[in-house]
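Participant: Got a structure for you, protein.txt, holding compact mmCIF, C-alpha atoms.
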# COMPACT_ATOMS: atom_id res chain seq x y z
CA SER A 1 -20.68 4.34 -43.94
CA MET A 2 -20.19 6.39 -40.82
CA ALA A 3 -16.54 7.03 -41.56
CA GLN A 4 -14.63 9.66 -39.65
CA LEU A 5 -15.53 13.26 -40.36
CA PRO A 6 -13.60 14.88 -43.19
CA GLN A 7 -11.01 17.31 -41.83
CA VAL A 8 -11.38 21.03 -42.58
CA SER A 9 -8.75 23.75 -42.28
CA HIS A 10 -11.30 26.56 -41.76
CA GLY A 11 -14.61 26.59 -39.93
CA ARG A 12 -16.06 23.37 -38.55
CA LEU A 13 -17.94 20.37 -39.86
CA GLU A 14 -20.98 18.68 -38.32
CA ARG A 15 -22.51 15.39 -39.39
CA VAL A 16 -26.25 15.46 -40.05
CA PRO A 17 -27.93 12.47 -38.39
CA ALA A 18 -29.01 9.84 -40.91
CA LEU A 19 -32.00 11.18 -42.82
CA SER A 20 -33.77 8.61 -44.88
CA SER A 21 -35.92 8.79 -47.94
CA GLU A 22 -37.75 6.19 -49.93
CA ASN A 23 -36.23 5.22 -53.27
CA ILE A 24 -32.72 6.57 -52.73
CA ALA A 25 -29.64 5.09 -51.09
CA ARG A 26 -28.52 6.36 -47.69
CA ARG A 27 -25.61 8.76 -47.70
CA ASN A 28 -23.53 10.93 -45.39
CA ILE A 29 -24.54 14.58 -45.13
CA TYR A 30 -22.29 17.18 -43.51
CA VAL A 31 -22.78 20.85 -42.69
CA TRP A 32 -19.81 23.20 -42.88
CA LEU A 33 -20.04 26.24 -40.62
CA PRO A 34 -17.68 29.18 -41.17
CA ASP A 35 -15.48 30.61 -38.42
CA GLY A 36 -17.57 32.76 -36.09
CA TYR A 37 -20.86 30.99 -36.85
CA PRO A 38 -23.45 31.95 -35.64
CA ALA A 39 -23.14 35.73 -35.74
CA GLY A 40 -25.02 38.63 -37.28
CA GLU A 41 -27.69 38.07 -39.89
CA LYS A 42 -29.04 34.67 -40.86
CA TYR A 43 -26.75 32.69 -43.16
CA ASP A 44 -27.32 31.78 -46.81
CA VAL A 45 -27.15 28.05 -47.62
CA ILE A 46 -25.25 26.37 -50.46
CA TYR A 47 -26.22 22.73 -51.08
CA PHE A 48 -23.45 20.76 -52.79
CA HIS A 49 -23.78 17.39 -54.52
CA ASP A 50 -20.81 14.95 -54.24
CA GLY A 51 -20.38 16.26 -50.71
CA GLN A 52 -17.54 13.87 -49.87
CA MET A 53 -15.33 15.71 -52.42
CA LEU A 54 -15.48 19.17 -50.82
CA PHE A 55 -13.05 19.26 -47.91
CA ASP A 56 -10.57 16.46 -47.34
CA SER A 57 -8.37 14.98 -50.07
CA THR A 58 -7.30 12.11 -47.78
CA GLN A 59 -10.85 10.74 -47.99
CA THR A 60 -11.62 11.13 -51.71
CA TRP A 61 -11.33 8.55 -54.48
CA ASN A 62 -8.86 10.67 -56.49
CA LYS A 63 -6.97 12.18 -53.50
CA GLN A 64 -8.19 15.65 -54.54
CA GLU A 65 -10.65 18.01 -52.86
CA TRP A 66 -12.57 21.05 -54.03
CA GLY A 67 -11.18 23.26 -51.23
CA VAL A 68 -14.63 24.63 -50.39
CA ASP A 69 -13.75 25.57 -46.80
CA GLU A 70 -10.62 27.44 -47.88
CA VAL A 71 -12.22 29.27 -50.83
CA ILE A 72 -15.41 30.32 -49.03
CA SER A 73 -13.44 31.39 -45.92
CA GLU A 74 -11.23 33.58 -48.11
CA LEU A 75 -14.24 35.13 -49.90
CA LEU A 76 -16.04 35.75 -46.59
CA GLN A 77 -12.96 37.37 -45.07
CA ALA A 78 -12.65 39.64 -48.13
CA LYS A 79 -16.40 40.44 -47.83
CA LYS A 80 -16.90 39.19 -51.41
CA MET A 81 -19.87 37.00 -50.54
CA ARG A 82 -22.66 36.89 -47.99
CA PRO A 83 -22.14 34.73 -44.90
CA CYS A 84 -23.17 31.17 -45.70
CA ILE A 85 -23.09 27.59 -44.57
CA VAL A 86 -22.49 24.60 -46.86
CA VAL A 87 -24.58 21.45 -46.88
CA ALA A 88 -22.43 18.66 -48.33
CA ILE A 89 -24.61 15.81 -49.61
CA SER A 90 -22.42 12.81 -50.36
CA ASN A 91 -23.23 10.79 -53.43
CA SER A 92 -24.47 7.23 -53.15
CA GLY A 93 -21.49 5.65 -54.89
CA ASP A 94 -22.70 3.24 -57.55
CA ALA A 95 -26.11 4.96 -58.02
CA ARG A 96 -24.56 8.41 -58.56
CA HIS A 97 -25.54 8.69 -62.24
CA ALA A 98 -29.07 7.46 -61.48
CA ASP A 99 -29.41 10.19 -58.81
CA TYR A 100 -27.85 12.99 -60.88
CA CYS A 101 -29.23 12.37 -64.40
CA PRO A 102 -32.35 14.56 -64.86
CA GLN A 103 -35.34 12.27 -65.25
CA LYS A 104 -37.88 14.17 -67.39
CA PRO A 105 -35.61 14.94 -70.38
CA LEU A 106 -34.32 11.37 -70.44
CA LEU A 107 -37.78 9.82 -70.22
CA SER A 108 -38.95 12.02 -73.10
CA LEU A 109 -36.44 10.41 -75.50
CA PRO A 110 -37.63 7.79 -78.01
CA SER A 111 -37.40 4.34 -76.41
CA ASN A 112 -34.49 3.12 -78.59
CA LEU A 113 -32.35 6.12 -77.55
CA ARG A 114 -33.42 5.73 -73.92
CA ASP A 115 -32.48 2.03 -73.94
CA THR A 116 -29.06 2.85 -75.42
CA PHE A 117 -28.53 5.50 -72.75
CA PHE A 118 -29.46 3.16 -69.87
CA ALA A 119 -27.22 0.43 -71.28
CA ASN A 120 -24.25 2.65 -70.33
CA PRO A 121 -22.28 0.93 -67.55
CA VAL A 122 -22.23 4.16 -65.45
CA PHE A 123 -25.81 3.39 -64.41
CA ASN A 124 -24.70 0.08 -62.84
CA GLY A 125 -28.17 -1.30 -63.54
CA HIS A 126 -29.88 1.33 -61.31
CA LYS A 127 -33.21 2.88 -62.29
CA LEU A 128 -33.33 6.67 -62.52
CA SER A 129 -33.75 8.14 -59.05
CA SER A 130 -33.11 11.85 -59.69
CA ASP A 131 -36.69 12.98 -59.00
CA SER A 132 -36.59 11.05 -55.69
CA TYR A 133 -33.16 12.54 -54.91
CA LEU A 134 -34.42 16.09 -55.54
CA HIS A 135 -37.53 15.44 -53.41
CA PHE A 136 -35.19 14.21 -50.66
CA ILE A 137 -33.27 17.52 -50.76
CA VAL A 138 -36.41 19.69 -50.83
CA GLN A 139 -38.66 17.71 -48.47
CA THR A 140 -36.18 16.20 -45.99
CA ILE A 141 -32.75 17.88 -46.01
CA LYS A 142 -33.79 21.53 -46.44
CA PRO A 143 -36.45 21.44 -43.67
CA TYR A 144 -33.88 19.82 -41.35
CA ILE A 145 -31.31 22.55 -42.13
CA ASP A 146 -33.92 25.33 -41.84
CA LYS A 147 -34.98 24.05 -38.41
CA ASN A 148 -31.55 23.30 -36.93
CA PHE A 149 -29.27 26.07 -38.27
CA TYR A 150 -29.33 29.89 -38.20
CA VAL A 151 -30.21 30.32 -41.89
CA ASN A 152 -32.32 32.42 -44.20
CA ARG A 153 -34.90 30.02 -45.65
CA LYS A 154 -35.89 32.13 -48.66
CA ALA A 155 -35.14 31.03 -52.24
CA ALA A 156 -32.96 34.10 -52.89
CA HIS A 157 -30.62 32.88 -50.11
CA THR A 158 -30.57 29.20 -51.12
CA PHE A 159 -28.14 27.82 -53.72
CA ILE A 160 -27.29 24.44 -55.18
CA ALA A 161 -23.99 23.46 -56.78
CA GLY A 162 -22.13 20.52 -58.20
CA SER A 163 -19.53 19.38 -60.67
CA SER A 164 -19.97 17.27 -63.78
CA MET A 165 -23.13 15.15 -63.23
CA GLY A 166 -23.67 17.17 -60.03
CA GLY A 167 -23.68 20.31 -62.16
CA LEU A 168 -26.26 18.75 -64.47
CA ILE A 169 -28.70 17.93 -61.65
CA SER A 170 -28.15 21.38 -60.11
Now that the file is in, can you turn its structure into structure tokens?

Facilitator:
Amino acid sequence: SMAQLPQVSHGRLERVPALSSENIARRNIYVWLPDGYPAGEKYDVIYFHDGQMLFDSTQTWNKQEWGVDEVISELLQAKKMRPCIVVAISNSGDARHADYCPQKPLLSLPSNLRDTFFANPVFNGHKLSSDSYLHFIVQTIKPYIDKNFYVNRKAAHTFIAGSSMGGLIS
């Protein structure tokens, strides 16, 4: 949904226009820009899964947030990390486990174990879509960010992060 932008207490948030990809559900994508952006050298980029959890506890399912804008702002101010922007990729809701469960290891399991795994209600009947999700990040989101923001495109300046299942797919 095109809900209102999450509120941030540091920096500013921009909504990425709807980017689509075959085989995965549409989702909101936001870019957090630190105070003073753009200035100086090109910025590193941190891609976060579960992007709707990062900034605004009033909009999350558990009324908690990860405080990404506050923590990164504090680290930048203390010169403890390189200047960066954050790309917050919201999850798809009911297909979250299908997007975040790594495909190759799961498909290499014996079929009886695989069937047991997929019978878990967290999959909500969705087929695995993690390879498609990762292609979406690499082939659609990253080129958009590289083209539209003042960022260093190199691998050494590109990071990916998540929590729980988001940590697994990272």

Participant: Skipping near chain neighbours, those fewer than 5 positions away, what residues fall within 9 Å of A:Ala18 using all atoms listed in the file, listed as a list in words?

Facilitator: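 Contacts, with the query itself left out: Arg26, Arg27, Asn28 and Ile29 of chain A.
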
Participant: I need the residue nearest A:Lys127 from this list: A:Ser108, A:Gln64, A:Asn148, A:Asn23. Use all atoms listed in the file for the distance.

Facilitator: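 Closest residue, counting all atoms listed in the file: A:Asn23.
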
Participant: Which residue gives the smallest distance to A:Ile169 among A:Val122, A:Ile72, A:Ile137, A:Ile24, with all atoms listed in the file counted?

Facilitator: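 Of A:Val122, A:Ile72, A:Ile137, A:Ile24, the one nearest A:Ile169 is A:Ile137, counting all atoms listed in the file.
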
Participant: What is the distance, in Å and to one decimal place, between atom CA of A:Lys154 and atom CA of A:Ala78?

Facilitator: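 Between these atoms lies a distance of 24.4 Å.
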
Participant: Just need the box for stretch 52-56 of chain A, edges along x, y and z, holding every atom the file lists for it with 4 Å tacked onto each side, so centre and edge lengths in Å to one decimal, as AutoDock Vina command-line options.

Facilitator:
--center_x -14.1 --center_y 16.6 --center_z -49.9 --size_x 15.0 --size_y 13.4 --size_z 13.1

Participant: How many Å lie between atom CA of A:Leu33 and atom CA of A:Arg12, rounded to one decimal?

Facilitator: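 Separation between atom CA of A:Leu33 and atom CA of A:Arg12: 5.3 Å.
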
Participant: Which residue out of A:Ser92, A:Ser9, A:Ser20, A:Thr158 has the minimum interatomic distance to A:Ile141 when all atoms listed in the file are used?

Facilitator: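 The answer is A:Ser20, which sits nearest to A:Ile141.
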
Participant: Of the candidates A:Ser73, A:Ser57, A:Thr140, A:Ser130, which one gets nearest to A:Lys104 if we count all atoms listed in the file?

Facilitator: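 Going through A:Ser73, A:Ser57, A:Thr140, A:Ser130 one by one, the smallest distance to A:Lys104 is for A:Ser130.
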
Participant: With distances taken over only C-alpha atoms, which residue among A:Asp115, A:Glu14, A:Glu65, A:Glu70 lies nearest A:Val31?

Facilitator: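 Residue with the minimum atom-to-atom distance to A:Val31: A:Glu14.
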
Participant: Select stretch 18-158 of chain A in the preceding structure and write C-alpha atoms to a file as a PDB file, in the first residue's frame.

Facilitator:
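See result08.pdb below for the written result:
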ATOM      1  CA  ALA A  18       7.103   1.441  -7.511  1.00  0.00           C
ATOM      2  CA  LEU A  19       9.681  -0.873  -9.039  1.00  0.00           C
ATOM      3  CA  SER A  20       8.287  -4.139 -10.231  1.00  0.00           C
ATOM      4  CA  SER A  21       9.763  -7.531 -10.771  1.00  0.00           C
ATOM      5  CA  GLU A  22       8.343 -10.767 -12.051  1.00  0.00           C
ATOM      6  CA  ASN A  23       7.657 -13.457  -9.473  1.00  0.00           C
ATOM      7  CA  ILE A  24       7.686 -11.309  -6.345  1.00  0.00           C
ATOM      8  CA  ALA A  25       5.004  -9.241  -4.647  1.00  0.00           C
ATOM      9  CA  ARG A  26       5.124  -5.443  -4.870  1.00  0.00           C
ATOM     10  CA  ARG A  27       6.431  -3.657  -1.815  1.00  0.00           C
ATOM     11  CA  ASN A  28       7.305  -0.192  -0.544  1.00  0.00           C
ATOM     12  CA  ILE A  29      10.946   0.835  -0.797  1.00  0.00           C
ATOM     13  CA  TYR A  30      12.309   3.887   1.013  1.00  0.00           C
ATOM     14  CA  VAL A  31      15.696   5.592   0.980  1.00  0.00           C
ATOM     15  CA  TRP A  32      16.970   7.230   4.156  1.00  0.00           C
ATOM     16  CA  LEU A  33      19.394  10.104   3.597  1.00  0.00           C
ATOM     17  CA  PRO A  34      21.477  11.396   6.515  1.00  0.00           C
ATOM     18  CA  ASP A  35      21.541  15.056   7.557  1.00  0.00           C
ATOM     19  CA  GLY A  36      23.711  17.041   5.151  1.00  0.00           C
ATOM     20  CA  TYR A  37      23.274  14.630   2.222  1.00  0.00           C
ATOM     21  CA  PRO A  38      24.731  15.077  -0.371  1.00  0.00           C
ATOM     22  CA  ALA A  39      28.147  16.297   0.707  1.00  0.00           C
ATOM     23  CA  GLY A  40      31.747  15.203   0.316  1.00  0.00           C
ATOM     24  CA  GLU A  41      32.609  11.769  -1.023  1.00  0.00           C
ATOM     25  CA  LYS A  42      30.091   9.366  -2.485  1.00  0.00           C
ATOM     26  CA  TYR A  43      28.008   7.528   0.109  1.00  0.00           C
ATOM     27  CA  ASP A  44      28.096   3.832   0.998  1.00  0.00           C
ATOM     28  CA  VAL A  45      24.760   1.997   0.733  1.00  0.00           C
ATOM     29  CA  ILE A  46      23.192  -0.358   3.281  1.00  0.00           C
ATOM     30  CA  TYR A  47      20.256  -2.400   1.956  1.00  0.00           C
ATOM     31  CA  PHE A  48      17.906  -3.546   4.726  1.00  0.00           C
ATOM     32  CA  HIS A  49      15.244  -6.255   4.493  1.00  0.00           C
ATOM     33  CA  ASP A  50      11.989  -5.725   6.486  1.00  0.00           C
ATOM     34  CA  GLY A  51      12.342  -2.050   5.614  1.00  0.00           C
ATOM     35  CA  GLN A  52       9.056  -1.064   7.256  1.00  0.00           C
ATOM     36  CA  MET A  53      10.583  -1.927  10.675  1.00  0.00           C
ATOM     37  CA  LEU A  54      13.501   0.523  10.562  1.00  0.00           C
ATOM     38  CA  PHE A  55      12.226   3.973  11.461  1.00  0.00           C
ATOM     39  CA  ASP A  56       8.729   4.475  12.826  1.00  0.00           C
ATOM     40  CA  SER A  57       7.226   2.393  15.633  1.00  0.00           C
ATOM     41  CA  THR A  58       3.758   3.869  15.002  1.00  0.00           C
ATOM     42  CA  GLN A  59       3.649   1.985  11.682  1.00  0.00           C
ATOM     43  CA  THR A  60       5.022  -1.431  12.693  1.00  0.00           C
ATOM     44  CA  TRP A  61       3.116  -4.590  13.613  1.00  0.00           C
ATOM     45  CA  ASN A  62       4.709  -4.795  17.082  1.00  0.00           C
ATOM     46  CA  LYS A  63       4.902  -1.020  17.768  1.00  0.00           C
ATOM     47  CA  GLN A  64       8.711  -1.260  17.854  1.00  0.00           C
ATOM     48  CA  GLU A  65      11.329   0.085  15.450  1.00  0.00           C
ATOM     49  CA  TRP A  66      14.987  -0.663  14.878  1.00  0.00           C
ATOM     50  CA  GLY A  67      16.022   2.994  15.351  1.00  0.00           C
ATOM     51  CA  VAL A  68      18.203   2.940  12.238  1.00  0.00           C
ATOM     52  CA  ASP A  69      18.052   6.704  11.652  1.00  0.00           C
ATOM     53  CA  GLU A  70      19.023   7.471  15.253  1.00  0.00           C
ATOM     54  CA  VAL A  71      21.827   4.885  15.488  1.00  0.00           C
ATOM     55  CA  ILE A  72      23.439   5.665  12.126  1.00  0.00           C
ATOM     56  CA  SER A  73      23.167   9.434  12.736  1.00  0.00           C
ATOM     57  CA  GLU A  74      24.944   8.998  16.073  1.00  0.00           C
ATOM     58  CA  LEU A  75      27.701   6.846  14.510  1.00  0.00           C
ATOM     59  CA  LEU A  76      28.166   9.309  11.627  1.00  0.00           C
ATOM     60  CA  GLN A  77      28.376  12.254  14.016  1.00  0.00           C
ATOM     61  CA  ALA A  78      31.011  10.403  16.068  1.00  0.00           C
ATOM     62  CA  LYS A  79      32.881   9.576  12.804  1.00  0.00           C
ATOM     63  CA  LYS A  80      32.612   5.855  13.652  1.00  0.00           C
ATOM     64  CA  MET A  81      31.346   4.863  10.215  1.00  0.00           C
ATOM     65  CA  ARG A  82      31.602   6.074   6.646  1.00  0.00           C
ATOM     66  CA  PRO A  83      28.793   8.292   5.333  1.00  0.00           C
ATOM     67  CA  CYS A  84      25.996   6.094   4.039  1.00  0.00           C
ATOM     68  CA  ILE A  85      22.420   5.978   2.900  1.00  0.00           C
ATOM     69  CA  VAL A  86      19.938   3.226   3.795  1.00  0.00           C
ATOM     70  CA  VAL A  87      17.680   1.463   1.321  1.00  0.00           C
ATOM     71  CA  ALA A  88      14.724   0.068   3.271  1.00  0.00           C
ATOM     72  CA  ILE A  89      13.032  -2.736   1.321  1.00  0.00           C
ATOM     73  CA  SER A  90       9.719  -3.564   2.963  1.00  0.00           C
ATOM     74  CA  ASN A  91       8.734  -7.199   3.157  1.00  0.00           C
ATOM     75  CA  SER A  92       5.772  -8.525   1.219  1.00  0.00           C
ATOM     76  CA  GLY A  93       3.730  -9.492   4.274  1.00  0.00           C
ATOM     77  CA  ASP A  94       2.427 -13.024   3.855  1.00  0.00           C
ATOM     78  CA  ALA A  95       5.197 -14.105   1.414  1.00  0.00           C
ATOM     79  CA  ARG A  96       8.015 -12.933   3.711  1.00  0.00           C
ATOM     80  CA  HIS A  97       9.344 -16.425   4.494  1.00  0.00           C
ATOM     81  CA  ALA A  98       9.164 -17.409   0.815  1.00  0.00           C
ATOM     82  CA  ASP A  99      11.246 -14.321  -0.081  1.00  0.00           C
ATOM     83  CA  TYR A 100      13.773 -14.695   2.753  1.00  0.00           C
ATOM     84  CA  CYS A 101      14.366 -18.473   2.934  1.00  0.00           C
ATOM     85  CA  PRO A 102      17.470 -19.300   0.833  1.00  0.00           C
ATOM     86  CA  GLN A 103      16.380 -21.428  -2.094  1.00  0.00           C
ATOM     87  CA  LYS A 104      19.379 -23.613  -3.011  1.00  0.00           C
ATOM     88  CA  PRO A 105      19.995 -25.185   0.429  1.00  0.00           C
ATOM     89  CA  LEU A 106      16.289 -25.910   0.857  1.00  0.00           C
ATOM     90  CA  LEU A 107      15.904 -27.439  -2.595  1.00  0.00           C
ATOM     91  CA  SER A 108      18.903 -29.694  -1.938  1.00  0.00           C
ATOM     92  CA  LEU A 109      17.119 -31.422   0.979  1.00  0.00           C
ATOM     93  CA  PRO A 110      15.586 -34.879   0.471  1.00  0.00           C
ATOM     94  CA  SER A 111      11.985 -34.489  -0.715  1.00  0.00           C
ATOM     95  CA  ASN A 112      10.390 -35.757   2.534  1.00  0.00           C
ATOM     96  CA  LEU A 113      12.272 -33.121   4.576  1.00  0.00           C
ATOM     97  CA  ARG A 114      11.505 -30.439   1.995  1.00  0.00           C
ATOM     98  CA  ASP A 115       7.785 -31.297   2.072  1.00  0.00           C
ATOM     99  CA  THR A 116       7.768 -31.114   5.880  1.00  0.00           C
ATOM    100  CA  PHE A 117       9.498 -27.746   5.741  1.00  0.00           C
ATOM    101  CA  PHE A 118       7.031 -26.290   3.209  1.00  0.00           C
ATOM    102  CA  ALA A 119       4.089 -27.593   5.223  1.00  0.00           C
ATOM    103  CA  ASN A 120       5.007 -24.998   7.879  1.00  0.00           C
ATOM    104  CA  PRO A 121       2.218 -22.391   8.062  1.00  0.00           C
ATOM    105  CA  VAL A 122       4.760 -19.508   7.868  1.00  0.00           C
ATOM    106  CA  PHE A 123       4.969 -20.116   4.110  1.00  0.00           C
ATOM    107  CA  ASN A 124       1.229 -19.387   3.729  1.00  0.00           C
ATOM    108  CA  GLY A 125       1.188 -21.678   0.702  1.00  0.00           C
ATOM    109  CA  HIS A 126       3.699 -19.496  -1.221  1.00  0.00           C
ATOM    110  CA  LYS A 127       6.395 -21.049  -3.411  1.00  0.00           C
ATOM    111  CA  LEU A 128       9.994 -20.094  -2.647  1.00  0.00           C
ATOM    112  CA  SER A 129      10.771 -16.722  -4.205  1.00  0.00           C
ATOM    113  CA  SER A 130      14.134 -15.882  -2.615  1.00  0.00           C
ATOM    114  CA  ASP A 131      16.172 -16.192  -5.831  1.00  0.00           C
ATOM    115  CA  SER A 132      13.668 -13.868  -7.554  1.00  0.00           C
ATOM    116  CA  TYR A 133      13.804 -11.483  -4.576  1.00  0.00           C
ATOM    117  CA  LEU A 134      17.621 -11.360  -4.684  1.00  0.00           C
ATOM    118  CA  HIS A 135      17.562 -10.802  -8.466  1.00  0.00           C
ATOM    119  CA  PHE A 136      15.113  -7.936  -7.847  1.00  0.00           C
ATOM    120  CA  ILE A 137      17.593  -6.299  -5.442  1.00  0.00           C
ATOM    121  CA  VAL A 138      20.604  -6.788  -7.731  1.00  0.00           C
ATOM    122  CA  GLN A 139      19.001  -6.140 -11.130  1.00  0.00           C
ATOM    123  CA  THR A 140      16.303  -3.562 -10.321  1.00  0.00           C
ATOM    124  CA  ILE A 141      16.775  -1.820  -6.958  1.00  0.00           C
ATOM    125  CA  LYS A 142      20.577  -1.412  -6.945  1.00  0.00           C
ATOM    126  CA  PRO A 143      20.762   0.041 -10.494  1.00  0.00           C
ATOM    127  CA  TYR A 144      17.969   2.488  -9.561  1.00  0.00           C
ATOM    128  CA  ILE A 145      19.848   3.581  -6.407  1.00  0.00           C
ATOM    129  CA  ASP A 146      23.189   3.796  -8.259  1.00  0.00           C
ATOM    130  CA  LYS A 147      21.629   6.021 -10.929  1.00  0.00           C
ATOM    131  CA  ASN A 148      19.541   8.303  -8.703  1.00  0.00           C
ATOM    132  CA  PHE A 149      21.668   8.823  -5.561  1.00  0.00           C
ATOM    133  CA  TYR A 150      25.205  10.069  -4.864  1.00  0.00           C
ATOM    134  CA  VAL A 151      26.644   6.657  -3.960  1.00  0.00           C
ATOM    135  CA  ASN A 152      29.738   4.542  -4.387  1.00  0.00           C
ATOM    136  CA  ARG A 153      28.624   1.584  -6.530  1.00  0.00           C
ATOM    137  CA  LYS A 154      31.521  -0.743  -5.670  1.00  0.00           C
ATOM    138  CA  ALA A 155      30.996  -3.971  -3.696  1.00  0.00           C
ATOM    139  CA  ALA A 156      33.284  -2.787  -0.870  1.00  0.00           C
ATOM    140  CA  HIS A 157      30.846   0.100  -0.257  1.00  0.00           C
ATOM    141  CA  THR A 158      27.629  -1.941  -0.532  1.00  0.00           C
TER     142      THR A 158
END
